[in-house]
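File shown here: structure-v2.txt, holding compact mmCIF, C-alpha atoms.
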# COMPACT_ATOMS: atom_id res chain seq x y z
CA GLY A 286 0.00 0.00 0.00
CA ASP A 287 0.82 3.67 0.12
CA PRO A 288 3.10 5.11 2.80
CA LEU A 289 1.32 6.22 5.95
CA PRO A 290 0.88 9.90 6.73
CA ALA A 291 3.52 11.11 9.15
CA ASP A 292 0.96 11.85 11.85
CA GLN A 293 -0.83 8.47 11.72
CA PRO A 294 0.19 6.09 14.52
CA ARG A 295 1.13 2.61 13.33
CA ALA A 296 -1.00 1.03 16.05
CA ALA A 297 -4.10 2.29 14.22
CA VAL A 298 -3.20 0.32 11.07
CA ALA A 299 -4.47 -3.22 10.66
CA SER A 300 -2.45 -5.53 8.39
CA PRO A 301 -4.33 -7.70 5.86
CA PRO A 302 -5.64 -11.05 7.16
CA GLY A 303 -2.94 -13.73 7.38
CA THR A 304 -0.08 -11.19 7.39
CA VAL A 305 2.13 -9.50 9.96
CA ALA A 306 3.16 -5.86 9.63
CA VAL A 307 6.90 -5.17 9.73
CA TRP A 308 7.90 -1.64 10.67
CA PRO A 309 11.28 0.14 10.38
CA ILE A 310 11.96 0.38 14.10
CA ARG A 311 15.41 1.49 15.23
CA ARG A 312 17.34 -0.21 18.03
CA ASP A 313 16.34 2.52 20.48
CA GLY A 314 12.65 1.89 19.71
CA SER A 315 12.09 5.03 17.64
CA GLU A 316 10.40 4.92 14.23
CA GLY A 317 12.62 5.04 11.18
CA ASN A 318 12.02 4.72 7.47
CA TRP A 319 12.80 2.26 4.68
CA GLN A 320 15.64 3.13 2.33
CA ILE A 321 13.70 2.44 -0.87
CA SER A 322 10.19 3.10 -2.11
CA PRO A 323 7.40 0.46 -2.10
CA GLN A 324 7.48 0.25 -5.91
CA THR A 325 11.27 -0.32 -6.00
CA LEU A 326 11.04 -2.94 -3.24
CA MET A 327 8.28 -4.89 -4.97
CA SER A 328 10.15 -4.82 -8.28
CA ALA A 329 13.30 -6.16 -6.57
CA CYS A 330 11.20 -8.78 -4.76
CA GLU A 331 9.77 -10.09 -8.03
CA LYS A 332 13.34 -10.62 -9.30
CA GLY A 333 14.46 -12.43 -6.16
CA TYR A 334 16.65 -9.57 -4.93
CA VAL A 335 14.93 -9.28 -1.52
CA ARG A 336 15.61 -11.60 1.39
CA LEU A 337 13.63 -11.89 4.62
CA GLY A 338 15.34 -12.34 7.96
CA LYS A 339 14.11 -13.96 11.16
CA PHE A 340 11.48 -12.45 13.40
CA THR A 341 12.83 -10.61 16.43
CA GLU A 342 11.26 -8.49 19.14
CA ARG A 343 11.63 -5.51 16.84
CA GLY A 344 10.12 -7.21 13.80
CA MET A 345 11.88 -8.72 10.81
CA PRO A 346 15.02 -7.44 9.03
CA ILE A 347 14.61 -7.08 5.26
CA SER A 348 17.75 -7.18 3.07
CA TYR A 349 17.92 -6.31 -0.59
CA LEU A 350 20.52 -6.06 -3.33
CA LYS A 351 21.26 -2.53 -4.43
CA SER A 352 21.34 -1.59 -8.09
CA GLY A 353 25.07 -2.26 -8.52
CA GLU A 354 24.81 -5.77 -7.12
CA GLN A 355 21.70 -6.43 -9.20
CA ARG A 356 23.64 -5.55 -12.36
CA LYS A 357 26.34 -8.07 -11.41
CA VAL A 358 23.71 -10.81 -11.14
CA GLU A 359 22.12 -9.83 -14.45
CA ALA A 360 25.54 -9.70 -16.14
CA GLY A 361 26.29 -13.26 -15.00
CA VAL A 362 29.07 -12.26 -12.59
CA PHE A 363 27.10 -14.13 -9.91
CA PRO A 364 25.31 -17.04 -11.65
CA ILE A 365 21.91 -17.89 -10.14
CA GLU A 366 21.81 -21.44 -8.75
CA GLY A 367 18.28 -21.45 -7.33
CA HIS A 368 15.87 -19.72 -4.96
CA ARG A 369 15.17 -19.84 -1.23
CA ALA A 370 11.74 -20.39 0.28
CA ASP A 371 11.16 -16.64 0.45
CA GLY A 372 11.90 -16.30 -3.28
CA SER A 373 15.36 -14.72 -2.89
CA ILE A 374 18.04 -15.93 -5.26
CA VAL A 375 20.96 -18.21 -4.40
CA VAL A 376 24.10 -17.37 -6.39
CA ASP A 377 27.48 -18.99 -7.03
CA SER A 378 30.30 -16.69 -5.91
CA SER A 379 33.11 -19.26 -5.94
CA GLY A 380 34.70 -17.99 -9.15
CA TYR A 381 34.31 -14.29 -8.46
CA ALA A 382 37.45 -12.16 -8.87
CA PRO A 383 36.46 -8.59 -7.90
CA VAL A 384 37.82 -5.82 -10.09
CA PHE A 385 35.69 -3.00 -8.72
CA VAL A 386 34.77 -1.76 -5.26
CA PRO A 387 31.79 -3.72 -3.93
CA GLY A 388 28.61 -2.22 -2.59
CA THR A 389 27.42 -2.31 1.00
CA GLN A 390 26.92 -6.07 0.74
CA TRP A 391 29.81 -8.33 -0.23
CA ARG A 392 28.70 -11.84 0.59
CA ILE A 393 31.16 -14.35 -0.81
CA SER A 394 31.61 -17.74 0.80
CA ALA A 395 35.40 -17.64 0.35
CA HIS A 396 35.49 -14.53 2.54
CA GLU A 397 34.20 -16.29 5.65
CA SER A 398 36.56 -16.45 8.61
CA GLY A 399 35.66 -20.06 9.31
CA GLY A 400 35.77 -21.09 5.65
CA PRO A 401 38.49 -22.38 3.34
CA GLY A 402 40.43 -19.10 3.43
CA GLY A 403 40.31 -18.63 7.21
CA SER A 404 40.50 -21.24 9.95
CA ASN A 405 40.75 -24.18 7.54
CA LEU A 406 43.68 -22.62 5.70
CA LEU A 407 45.56 -21.90 8.92
CA ARG A 408 45.02 -25.50 10.02
CA SER A 409 46.73 -26.66 6.83
CA LEU A 410 49.68 -24.32 7.39
CA MET A 411 49.92 -24.87 11.17
CA PRO A 412 48.17 -28.11 12.13
CA ASP A 413 49.69 -28.01 15.61
CA ARG A 414 48.56 -24.44 16.44
CA ARG A 415 45.34 -22.49 16.75
CA PHE A 416 44.47 -18.85 16.08
CA PRO A 417 40.90 -17.63 16.73
CA PHE A 418 38.90 -15.80 14.07
CA PRO A 419 41.55 -15.27 11.37
CA LYS A 420 40.64 -13.07 8.43
CA SER A 421 40.00 -14.99 5.23
CA LEU A 422 43.02 -14.88 2.94
CA TYR A 423 40.72 -14.32 -0.03
CA ALA A 424 38.82 -11.45 1.61
CA VAL A 425 42.07 -9.57 2.24
CA GLU A 426 43.36 -10.46 -1.21
CA ASP A 427 40.19 -9.17 -2.91
CA ALA A 428 40.24 -5.96 -0.86
CA LEU A 429 43.89 -5.26 -1.71
CA ARG A 430 43.31 -5.94 -5.39
CA PHE A 431 41.15 -2.83 -5.72
CA PHE A 432 44.07 -0.62 -4.74
CA VAL A 433 47.22 -2.37 -5.98
CA ALA A 434 46.09 -4.24 -9.10
CA SER A 435 47.65 -1.47 -11.22
CA LYS A 436 50.62 -1.03 -8.86
CA PRO A 437 52.86 -4.08 -9.29
CA ARG A 438 55.61 -2.53 -7.12
CA ALA A 439 53.37 -1.33 -4.27
CA LEU A 440 54.48 -1.40 -0.65
CA VAL A 441 51.67 -2.60 1.64
CA LEU A 442 51.85 -1.76 5.36
CA ASP A 443 49.90 -3.67 8.00
CA PHE A 444 50.52 -2.26 11.46
CA PHE A 445 48.41 -4.92 13.19
CA ALA A 446 49.71 -8.06 11.53
CA GLY A 447 47.88 -10.72 13.56
CA SER A 448 48.36 -14.05 11.81
CA GLY A 449 50.06 -12.45 8.78
CA THR A 450 47.14 -12.69 6.34
CA THR A 451 48.07 -9.41 4.59
CA ALA A 452 51.56 -10.58 3.63
CA HIS A 453 50.13 -13.90 2.44
CA ALA A 454 47.60 -12.04 0.27
CA VAL A 455 50.34 -9.87 -1.26
CA MET A 456 52.26 -13.02 -2.23
CA ARG A 457 49.16 -14.36 -3.94
CA LEU A 458 48.65 -11.15 -5.90
CA ASN A 459 52.30 -11.16 -7.02
CA ARG A 460 52.02 -14.70 -8.36
CA GLN A 461 48.83 -13.88 -10.24
CA ASP A 462 50.28 -10.98 -12.25
CA GLY A 463 54.06 -11.27 -11.84
CA GLY A 464 54.23 -8.24 -9.54
CA THR A 465 57.01 -7.48 -7.05
CA ARG A 466 54.89 -5.90 -4.34
CA ARG A 467 56.35 -5.84 -0.85
CA CYS A 468 54.59 -6.08 2.49
CA LEU A 469 55.73 -4.68 5.82
CA LEU A 470 54.10 -6.28 8.87
CA VAL A 471 54.33 -4.88 12.40
CA THR A 472 53.04 -6.67 15.49
CA ASN A 473 53.79 -7.15 19.15
CA ASN A 474 54.43 -10.55 20.66
CA GLU A 475 51.59 -10.70 23.18
CA VAL A 476 50.09 -13.88 24.52
CA SER A 477 46.39 -14.44 25.20
CA ILE A 478 44.93 -13.55 28.59
CA ASP A 479 44.43 -17.20 29.54
CA GLU A 480 48.00 -18.06 28.54
CA ALA A 481 49.37 -15.05 30.41
CA ASN A 482 47.56 -16.05 33.61
CA GLU A 483 48.78 -19.63 33.36
CA LEU A 484 52.38 -18.57 32.64
CA ARG A 485 52.45 -16.13 35.56
CA ARG A 486 51.01 -18.81 37.82
CA ARG A 487 54.02 -20.93 36.91
CA GLY A 488 56.42 -18.05 37.51
CA VAL A 489 57.02 -17.27 33.82
CA HIS A 490 57.03 -13.58 32.88
CA PRO A 491 57.33 -11.37 29.75
CA GLY A 492 60.85 -11.57 28.38
CA ASP A 493 61.35 -15.17 29.46
CA ALA A 494 62.01 -17.58 26.60
CA GLU A 495 58.93 -19.69 27.34
CA TRP A 496 56.67 -16.61 27.40
CA GLU A 497 58.05 -15.14 24.16
CA ALA A 498 57.83 -18.50 22.36
CA LEU A 499 54.03 -18.43 22.82
CA GLY A 500 53.65 -14.81 21.68
CA ILE A 501 51.54 -14.19 18.59
CA CYS A 502 54.51 -13.09 16.46
CA ASP A 503 56.81 -16.01 17.25
CA TYR A 504 54.09 -18.64 17.59
CA ILE A 505 51.72 -17.64 14.77
CA THR A 506 52.84 -14.81 12.45
CA LYS A 507 56.36 -15.98 11.63
CA PRO A 508 55.47 -19.69 11.29
CA ARG A 509 52.49 -18.87 9.06
CA ILE A 510 54.61 -16.74 6.69
CA HIS A 511 57.37 -19.38 6.68
CA ALA A 512 54.88 -22.16 5.89
CA ALA A 513 53.22 -20.16 3.11
CA ILE A 514 56.55 -19.40 1.40
CA THR A 515 58.18 -22.81 1.77
CA GLY A 516 55.04 -24.89 1.28
CA LYS A 517 55.90 -26.88 4.40
CA SER A 518 53.70 -26.81 7.48
CA THR A 519 54.91 -26.22 11.03
CA THR A 520 55.16 -30.00 11.44
CA GLY A 521 57.56 -30.23 8.50
CA ALA A 522 55.14 -31.95 6.12
CA PRO A 523 54.06 -30.48 2.77
CA VAL A 524 51.05 -28.20 3.24
CA SER A 525 47.92 -30.06 2.19
CA GLY A 526 45.19 -28.52 0.09
CA THR A 527 44.79 -26.14 -2.82
CA TYR A 528 44.26 -22.41 -2.84
CA GLY A 529 40.81 -21.14 -3.76
CA PRO A 530 39.45 -18.60 -6.27
CA VAL A 531 41.53 -17.02 -9.05
CA ASP A 532 44.73 -19.06 -8.52
CA ALA A 533 43.93 -22.69 -7.69
CA SER A 534 47.50 -23.83 -7.09
CA PRO A 535 48.70 -26.42 -4.55
CA MET A 536 49.68 -24.84 -1.23
CA ALA A 537 52.72 -27.11 -1.12
CA ASP A 538 54.17 -25.18 -4.09
CA GLY A 539 54.85 -22.23 -1.81
CA PHE A 540 55.91 -18.84 -3.20
CA ARG A 541 59.05 -17.30 -4.68
CA GLU A 542 59.01 -14.51 -2.08
CA ASN A 543 61.50 -14.12 0.75
CA ALA A 544 60.98 -12.71 4.23
CA GLU A 545 63.04 -10.99 6.91
CA PHE A 546 62.06 -10.89 10.58
CA PHE A 547 63.31 -8.20 12.96
CA THR A 548 62.82 -7.60 16.67
CA LEU A 549 62.63 -4.09 18.14
CA THR A 550 65.28 -3.59 20.84
CA TYR A 551 66.23 -0.76 23.17
CA GLU A 552 69.90 0.17 22.80
CA ASP A 553 72.37 2.00 25.02
CA PRO A 554 73.11 5.34 23.26
CA THR A 555 76.67 5.26 24.59
CA LEU A 556 77.43 1.95 22.90
CA VAL A 557 75.77 3.16 19.72
CA SER A 558 77.82 6.37 19.66
CA LEU A 559 80.99 4.31 20.05
CA GLY A 560 80.04 2.33 16.94
CA ARG A 561 79.60 -0.90 18.87
CA ARG A 562 75.92 -1.46 18.07
CA PHE A 563 75.70 -0.71 14.36
CA GLU A 564 74.31 -4.19 13.71
CA ALA A 565 71.28 -3.32 15.86
CA ILE A 566 70.22 -0.44 13.62
CA ALA A 567 71.48 -1.91 10.34
CA PRO A 568 67.97 -3.15 9.40
CA LEU A 569 66.70 0.45 9.56
CA LEU A 570 69.11 1.51 6.83
CA TRP A 571 68.24 -1.50 4.71
CA LEU A 572 64.52 -0.79 5.08
CA ARG A 573 65.01 2.89 4.29
CA ALA A 574 66.89 1.96 1.12
CA GLY A 575 63.98 -0.13 -0.10
CA ALA A 576 64.55 -3.52 1.57
CA ARG A 577 66.15 -4.99 -1.53
CA GLY A 578 69.35 -6.95 -1.95
CA GLU A 579 72.04 -7.62 0.64
CA ARG A 580 71.98 -5.94 4.04
CA ILE A 581 75.06 -4.21 5.48
CA SER A 582 75.18 -5.58 9.02
CA GLU A 583 78.56 -4.56 10.42
CA VAL A 584 81.12 -1.79 10.31
CA ALA A 585 83.60 -2.53 7.54
CA ALA A 586 87.34 -2.50 8.32
CA GLU A 587 87.93 -0.52 5.11
CA GLY A 588 85.86 2.34 6.45
CA TRP A 589 83.07 1.90 3.92
CA SER A 590 80.80 -0.84 2.62
CA LEU A 591 79.20 -1.25 -0.78
CA PRO A 592 78.29 -4.93 -1.39
CA ALA A 593 77.75 -5.99 -4.99
CA SER A 594 74.20 -7.19 -4.32
CA ALA A 595 73.15 -4.21 -2.17
CA CYS A 596 71.34 -1.15 -3.48
CA TYR A 597 72.92 1.18 -0.92
CA GLY A 598 76.27 1.92 0.65
CA VAL A 599 77.55 3.20 4.01
CA LEU A 600 80.60 5.43 4.49
CA PHE A 601 81.69 4.84 8.09
CA ASP A 602 84.98 6.77 7.99
CA THR A 603 84.98 9.97 5.92
CA SER A 604 88.77 9.79 5.58
CA THR A 605 88.18 6.95 3.11
CA TRP A 606 85.67 8.92 1.03
CA GLY A 607 87.78 8.69 -2.13
CA ALA A 608 87.56 4.91 -2.41
CA PHE A 609 83.86 5.00 -1.52
CA VAL A 610 83.05 7.59 -4.18
CA ALA A 611 85.08 5.73 -6.80
CA ALA A 612 83.33 2.43 -6.03
CA ALA A 613 79.91 4.11 -6.11
CA ALA A 614 80.68 5.65 -9.51
CA ARG A 615 81.09 2.17 -10.98
CA ARG A 616 77.60 1.15 -9.91
CA ASP A 617 74.41 2.06 -11.78
CA ASP A 618 72.08 0.19 -9.42
CA LEU A 619 72.64 2.21 -6.25
CA THR A 620 69.75 4.21 -4.83
CA HIS A 621 70.95 5.34 -1.37
CA ALA A 622 74.15 6.37 0.39
CA PHE A 623 74.52 6.81 4.16
CA ILE A 624 77.42 8.93 5.39
CA VAL A 625 78.49 8.80 9.03
CA THR A 626 79.86 12.12 10.25
CA ASP A 627 79.18 14.80 12.84
CA SER A 628 80.42 17.44 10.40
CA LEU A 629 77.94 19.01 8.02
CA VAL A 630 80.83 20.31 5.90
CA GLU A 631 82.32 16.82 5.50
CA TYR A 632 78.91 15.46 4.57
CA GLN A 633 78.37 18.14 1.91
CA GLN A 634 81.84 17.59 0.44
CA VAL A 635 81.22 13.85 0.02
CA VAL A 636 77.72 14.35 -1.41
CA ALA A 637 79.09 16.82 -3.97
CA ARG A 638 81.24 14.03 -5.41
CA LEU A 639 78.50 11.41 -5.57
CA ASP A 640 75.97 10.88 -8.35
CA PRO A 641 73.24 13.52 -7.80
CA SER A 642 70.55 10.84 -8.38
CA LEU A 643 71.57 9.05 -5.15
CA ARG A 644 69.44 9.69 -2.09
CA THR A 645 71.95 10.58 0.61
CA THR A 646 71.47 10.64 4.37
CA ARG A 647 73.81 11.98 7.01
CA LEU A 648 74.16 9.73 10.02
CA TYR A 649 75.63 11.26 13.16
CA ALA A 650 78.30 9.31 15.00
CA ASP A 651 75.39 8.40 17.27
CA TYR A 652 73.43 6.68 14.49
CA LEU A 653 70.13 6.63 16.32
CA ARG A 654 70.07 10.43 16.64
CA SER A 655 69.64 10.67 12.87
CA PHE A 656 66.31 8.85 13.05
CA GLU A 657 65.24 10.87 16.10
CA ILE A 658 66.02 14.18 14.37
CA ASN A 659 64.52 13.20 11.04
CA THR A 660 61.20 12.19 12.60
CA ARG A 661 60.83 14.93 15.21
CA THR A 662 57.94 17.34 14.61
CA PRO A 663 59.19 20.95 14.29
Go ahead and render the structure in this file as structure tokens.
Amino acid sequence: GDPLPADQPRAAVASPPGTVAVWPIRRDGSEGNWQISPQTLMSACEKGYVRLGKFTERGMPISYLKSGEQRKVEAGVFPIEGHRADGSIVVDSSGYAPVFVPGTQWRISAHESGGPGGSNLLRSLMPDRRFPFPKSLYAVEDALRFFVASKPRALVLDFFAGSGTTAHAVMRLNRQDGGTRRCLLVTNNEVSIDEANELRRRGVHPGDAEWEALGICDYITKPRIHAAITGKSTTGAPVSGTYGPVDASPMADGFRENAEFFTLTYEDPTLVSLGRRFEAIAPLLWLRAGARGERISEVAAEGWSLPASACYGVLFDTSTWGAFVAAAARRDDLTHAFIVTDSLVEYQQVVARLDPSLRTTRLYADYLRSFEINTRTP
């Protein structure tokens, strides 16, 4: 029928015999309104695009496909397999590879946490471990595809890594189109509340080897990434099963990617300034230079380091700048140069002799101060 006048109370309206009136009542009990007109709803209902929910104390929820999702059904993106008792369509989404941002409803079986891309997949990779409510690999993969499908060299940052699903999804995308995307995961190494209580009861505390071994990073994230790349589960056996939509390859094949794992430490500035802890901050330089090739992990006796497979170099002793500059001039693959000196003049003199295309950074004798100064808000 026609919409009710705004001033007519719903209690005064009798529904037709054999029916129950469903009203748009908000959670706080106030009256709301439907998002579409009666004519649009009935048209969608005739096509099977409306689905009825279960009765609750507030009535019955009514879901419907919006115009964009309806076009996908009509275009055959979601083939119709049948109809439910309420007349709503049942579609096959198993072969769907999204190439456009979905609407408000994105119901794909492969995206379920407890489905083949979530808990079941983690069981294949880590049969001896459990992680509650993991994101589906395919849900994360499909979401990332919208933004990096045209960016084969993208860098994807996940600051709450959890089980490492994001990195796994980036690997999958790279294999599908030959990309070289990178993924940077950051996570703490916390244990669950129940585990923490049990460990403390036994006298085990944060920092102890037994505690850290059960932390999410060491117990779940790292092993999951290792198993995905190598194709071998945490028990040492080949990972069983096959990946799902888009790239149905055996999980035991693994990936061609590589991974580096670092642990954040707190260093004594005195030891750093004396050059005795360069290896602790070496990963920062490698990451800043693009995380490609060999990593310079120790102070070179020659006063400078420029490995053949690295894309950056470090000049530790400016008195050896001549050899460093000459070696850098013979390389066309360098992108960064780090120069250790407390003197701005020395730094400028060395930079003036290097290829102008190199991105140069001055590191103070206290290496960590460079990162503090460069990230401090003016």
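The interatomic distance for the pair atom CA of A:Gly317 and atom CA of A:Tyr349 works out to 17.2 Å.
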Sort by chain and increasing residue number a table of all residues of stretch 499-534 of chain A within 12 Å of stretch 540-551 of chain A, each with its closest pair of atoms and their distance in Å to one decimal, counting all atoms listed in the file, and write it as a Markdown table.
| residue | atom | partner | partner_atom | distance |
| --- | --- | --- | --- | --- |
| A:Cys502 | CA | A:Phe546 | CA | 9.8 |
| A:Asp503 | CA | A:Phe546 | CA | 9.9 |
| A:Thr506 | CA | A:Phe546 | CA | 10.2 |
| A:Lys507 | CA | A:Phe546 | CA | 7.7 |
| A:Pro508 | CA | A:Phe546 | CA | 11.0 |
| A:Arg509 | CA | A:Ala544 | CA | 11.5 |
| A:Ile510 | CA | A:Ala544 | CA | 7.9 |
| A:His511 | CA | A:Ala544 | CA | 8.0 |
| A:Ala512 | CA | A:Phe540 | CA | 9.7 |
| A:Ala513 | CA | A:Phe540 | CA | 7.0 |
| A:Ile514 | CA | A:Phe540 | CA | 4.7 |
| A:Thr515 | CA | A:Phe540 | CA | 6.8 |
| A:Gly516 | CA | A:Phe540 | CA | 7.6 |
| A:Lys517 | CA | A:Phe540 | CA | 11.1 |
| A:Ser534 | CA | A:Phe540 | CA | 10.5 |
Could you list, as a PyMOL selection string, every residue within 10 Å of A:Pro288, counting only C-alpha atoms and ignoring same-chain residues fewer than 2 positions away? chain A and resi 286+290-291+322-323
With distances taken over all atoms listed in the file, which residue among A:Ser409, A:Gln634, A:Ser315, A:Thr520 lies nearest A:Arg343? A:Ser315
Could you tell me which of A:Val375, A:Leu337, A:Met345, A:Leu499 comes closest to A:Val358 if we count all atoms listed in the file? A:Val375
Find the residues around A:Phe623 up to 6 Å (only C-alpha atoms counted), leave out those fewer than 5 positions away in its own chain, and share them as a ChimeraX atom specification. /A:599,645-647
For those residues, write C-alpha atoms to a file as a PDB file, keeping the file's coordinate frame.
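Contents of the output file again38.pdb:
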ATOM      1  CA  VAL A 599      77.550   3.200   4.010  1.00  0.00           C
ATOM      2  CA  THR A 645      71.950  10.580   0.610  1.00  0.00           C
ATOM      3  CA  THR A 646      71.470  10.640   4.370  1.00  0.00           C
ATOM      4  CA  ARG A 647      73.810  11.980   7.010  1.00  0.00           C
TER       5      ARG A 647
END
Across A:Phe340, A:Tyr334, A:Trp319, A:Phe609, the smallest distance to A:Val305, with only C-alpha atoms counted, is shown by A:Phe340
I need every residue sitting at most 12 Å from the point (75.7, 0.3, -10.6) (coordinates as in the file, all atoms listed in the file considered), written as number ranges by chain. A: 591-598, 611-621, 640, 642-643
With only C-alpha atoms as the counted atoms, please give the residues lying no more than 7 Å from A:Leu639, apart from itself and same-chain residues fewer than 3 positions off, as a PyMOL selection string. chain A and resi 610+635-636
One-decimal distance in Å that lies between atom CA of A:Ala395 and atom CA of A:Gly361: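 Between atom CA of A:Gly361 and atom CA of A:Ala395 the gap is 18.4 Å.
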Stretch 438-551 of chain A near stretch 572-587 of chain A within 10 Å: what's each residue's closest atom pair and its distance in Å to one decimal, counting all atoms listed in the file, ordered by chain then ascending residue number, as a tab-separated table?
residue	atom	partner	partner_atom	distance
A:Leu440	CA	A:Gly575	CA	9.6
A:Arg467	CA	A:Ala576	CA	8.9
A:Leu469	CA	A:Leu572	CA	9.6
A:Glu545	CA	A:Ala576	CA	9.3
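Comparing the minimum interatomic distances between A:Pro491 and each of A:Ala296, A:Val476, A:Leu407, A:Ala637, counting only C-alpha atoms, we find that A:Val476 sits nearest.
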